[in-house]
2 protein chains.
Amino acid sequence: MTDGRLTAPLHEAHPTSPGRRLPDTQAGMRRRNLSRVMHTVNAEGPLSRAAVASRIGLTRAAVSTLVDELVRTGLLEELGPERPGRVGRPGSALALSGRGPAGIGAEVGVDHLAVCAVDLRGRVRARAVRHGTNRGRRPEPVLTELAGLVRQVTAEAGQEGLWPAGLAVAVPGLVARDARTVVRAPNLDWHGTDLGALLTGTPTPAGAPPLTDDLPLTVDNEANFGGLAELWLGDGTPRDFLHVSAEIGIGAAVVVDGRLLRGTRGFAGELGHMPVRPEGPQCACGGRGCLEQYAGKEAVLRAAGLEPGEDRVGLLAERAAGGDKDVRRALRGAGTALGIALTGAVNLLDPETVVLGGALAGLAPWLLPSLERELARRTTGPARAVTVSRLGPEGPLLGAAHSVVRGVLDDPAAVAGRP
Amino acid sequence: MTDGRLTAPLHEAHPTSPGRRLPDTQAGMRRRNLSRVMHTVNAEGPLSRAAVASRIGLTRAAVSTLVDELVRTGLLEELGPERPGRVGRPGSALALSGRGPAGIGAEVGVDHLAVCAVDLRGRVRARAVRHGTNRGRRPEPVLTELAGLVRQVTAEAGQEGLWPAGLAVAVPGLVARDARTVVRAPNLDWHGTDLGALLTGTPTPAGAPPLTDDLPLTVDNEANFGGLAELWLGDGTPRDFLHVSAEIGIGAAVVVDGRLLRGTRGFAGELGHMPVRPEGPQCACGGRGCLEQYAGKEAVLRAAGLEPGEDRVGLLAERAAGGDKDVRRALRGAGTALGIALTGAVNLLDPETVVLGGALAGLAPWLLPSLERELARRTTGPARAVTVSRLGPEGPLLGAAHSVVRGVLDDPAAVAGRP
């Protein structure tokens, strides 16, 4: 691509921001058509050139030129002739490349760090995890460790012919619309932390390449990446839904027509601070009776008479499954509070479904009855579908890695000259 | 335009639906560029051809061809040479036409019917109103009256060289995404009413042309049109906001990045049924303690010790201005309930501002103090701007008419061959 405007970084801000449009010129049209070929092969491949052409409504000659470029730059692979017996001249089936660009996803959890590499076909090709609390640690040492895991995963993926197209980092906090700055992550005690600058500036081991020198970097809230993972990887997930997840706090992702609703400052989805009982207990946010005071992890542990600690969600699920009355009562109460808060959200947004993800997925059997009862008695019309994510706590990490992969599908021309 | 796909009706569903995109072909690109010329002249006109070209980044020759077509089809007017003294050869300034296509807006209120015609320049050129309750009346006679007003306004506008490009009808109820069917309008007692079929089928007076034979028709909720009016006509209204309005019930319009969020079934924005106090009074929706139970018109009148009736909002404002303690207390309570419900909405959506419209605009001086106090103490970060619409109760009717005008700006080619 020669037009300077067309070689803007792949991730200008958030790759999934509404309104991101390529320019309306001949070159922009061609660039969009390259993307349509990639998305068509992703959704329905392997496909012959003729099949791609008929799917996207361009001539076979036009599609062949596009495909040639995508094959030459290593984004598509030709799998060899299709099996005989089909109508017409046999064509070589096209698939997304299992080599070439990979999405690197990273997660800064309160109790762990994780990194993975996902190829264009959506397969996880390498991963690394470090357990141990990050609560109260300064950002620099945490990010130095994270950068080490990124290097390890990138090197491992590199041995299979993959190179990093971008790095996306999920954090448990509010992220500004610059997709770099953690405005507030109360459970890490990070405030106004520029993760972009810190990650680029982490010490580089002797001989290792600098981490993010020209690697596009995106930082986003874990609930947002969890919601996007559900959109992209969920089983039959519709394009309009509300994804509710809990780690320490409670977050939500609002997906409308296949796009994440981010809000003016990037703070949309703060379901945890929806007032459930306006004169209820004081919340750290300054409000009273917020959802988190009834359905947050600490509130549920307290209501169940348990101490906070690591992997308390597993303990809650185990006790509930074993018939522990206190735990079941605590989860029932959390389900009721979730049902009240979701009534407000459903009335405001009219989503097709509500998906419970993150730690809530594992507790769903004991949350759902009271949650669904509350929602049904407070909303009119047919009962709202509440489903449970099969990604569970994996959602944010997978969503982060896939956001990079989706960026390549959305604009393959932007990575064509790399690495 | 010769490609059959390109002459689809102007209003396929809702003209402002996200995702409405013209096909990505040469013809589609040209059609989008015609729209860009119209929007540029609308936003910044009068402008010379050269100025339009520089604004939209096309060559002057390309823009001239587009402008010629728009002038020939009566959508743009040449105002004559620009005043001298500017750099370069003087060009004729272009403005949107004050003749040609007009948007016809109509409103079915609980207590009135109204119709107006708005030209491409956004001026109201004709209007008609009929007062009197529609509560409990069957749809047919109401729509026959409405059709009469539409004919009257259309005829009046026709005398000034305007012809109807479309009819948009605002109703106080939930409208399906087909943009025709009123699913539920409790205050009219209309349920599952196909306004499209009924309006087309209303008796035609002798000699009068049939009403909607090929006139594109859109039906939408009054709160949605009120929100769109604020987006298009408000003074400095941002592209992300929550518009809250009240007539009999309380409705909201969620505008994200300049687009209305409609919801899966078209029911988004039902702020009136957000639970404010979950064990509060029973609501007609089946829930308890909904916002409408505290801030709806009837709830406020009851709390103020007043009887329901016509123009009660005027009475409330008058009494509050006169210092009536009961009315002021009732409005303070309504403001508190609005503040609690808006906390949830603001946390979920992160809008740039909240705009009070409809009947709430006139009561704002007595609602705002408690509303803003509640919002400030329950949400973190800088205080949220709450502004008051200057359109007030005019919003829905103007929004309806302007939605047709925006449809012409969005796709001028679709009306080029008409009337």
# chains A, B, ... in the order shown; residues from 1 in each chain; ligands from 1
$ residues_around --residues "Val110 of chain A" --least-positions-apart "5" --cutoff "9 Å" --atoms "only C-alpha atoms" --output "PyMOL selection string"
chain A and resi 132-135+171-172+187-188+247-248
$ residues_around --residues "Asn221 of chain A" --least-positions-apart "3" --cutoff "8 Å" --atoms "only C-alpha atoms" --output "PyMOL selection string"
chain A and resi 170-175+224-225
$ residues_around --residues "segment 381-397 of chain A" --least-positions-apart "3" --cutoff "8 Å" --atoms "only C-alpha atoms" --output "count of residues only"
34
$ interface_residues --of "chain A" --to "chain B" --cutoff "6 Å" --atoms "only C-alpha atoms" --output "list in words"
Gly263, Thr264, Phe267, Ala268, Gly269, Glu270, Leu271, Met274, Gly286, Gly287, Gly344, Asn347, Leu348, Leu349, Asp350, Pro351, Glu352 and Arg378 of chain A
$ select_by_dssp --residues "segment 132-364 of chain B" --states "alpha helix (DSSP H)" --output "ChimeraX atom specification"
/B:139-158,195-200,222-233,292-295,297-303,312-321,325-349,359-364
$ residues_around --residues "segment 409-413 of chain B" --least-positions-apart "2" --cutoff "6 Å" --atoms "only C-alpha atoms" --output "JSON, numbers by chain"
{"B": [35, 38, 406, 407, 415, 416]}
$ select_by_dssp --residues "segment 63-232 of chain A" --states "strand (DSSP E or B)" --output "ChimeraX atom specification"
/A:76-81,92-96,100-108,112-119,124-131,162-171,174-175,181-185,190-194,217-221
$ atom_distance --atom1 "atom CA of Ala117 of chain A" --atom2 "atom CA of Gly103 of chain A"
5.6 Å
$ atom_distance --atom1 "atom CA of Gln159 of chain B" --atom2 "atom CA of Leu228 of chain B"
28.5 Å
$ closest_residue --among "A:Gly100, A:His243, A:Leu143, A:Gly136" --to "Asp189 of chain A" --atoms "only C-alpha atoms"
A:Gly136
$ residues_around --residues "Val52 of chain B" --least-positions-apart "2" --cutoff "10 Å" --atoms "only C-alpha atoms" --output "ChimeraX atom specification"
/B:36-38,40-41,44-50,54-60,63-64,67,93-94
$ closest_residue --among "B:Arg130, B:Ala246, B:Gly98, B:Val150" --to "Leu79 of chain B" --atoms "only C-alpha atoms"
B:Gly98
$ atom_distance --atom1 "atom CA of Leu217 of chain B" --atom2 "atom CA of Leu167 of chain B"
4.9 Å
$ residues_around --residues "Gly249 of chain A" --least-positions-apart "6" --cutoff "8 Å" --atoms "only C-alpha atoms" --output "list in words"
Gly272, Glu292, Gly296 and Lys297 of chain A
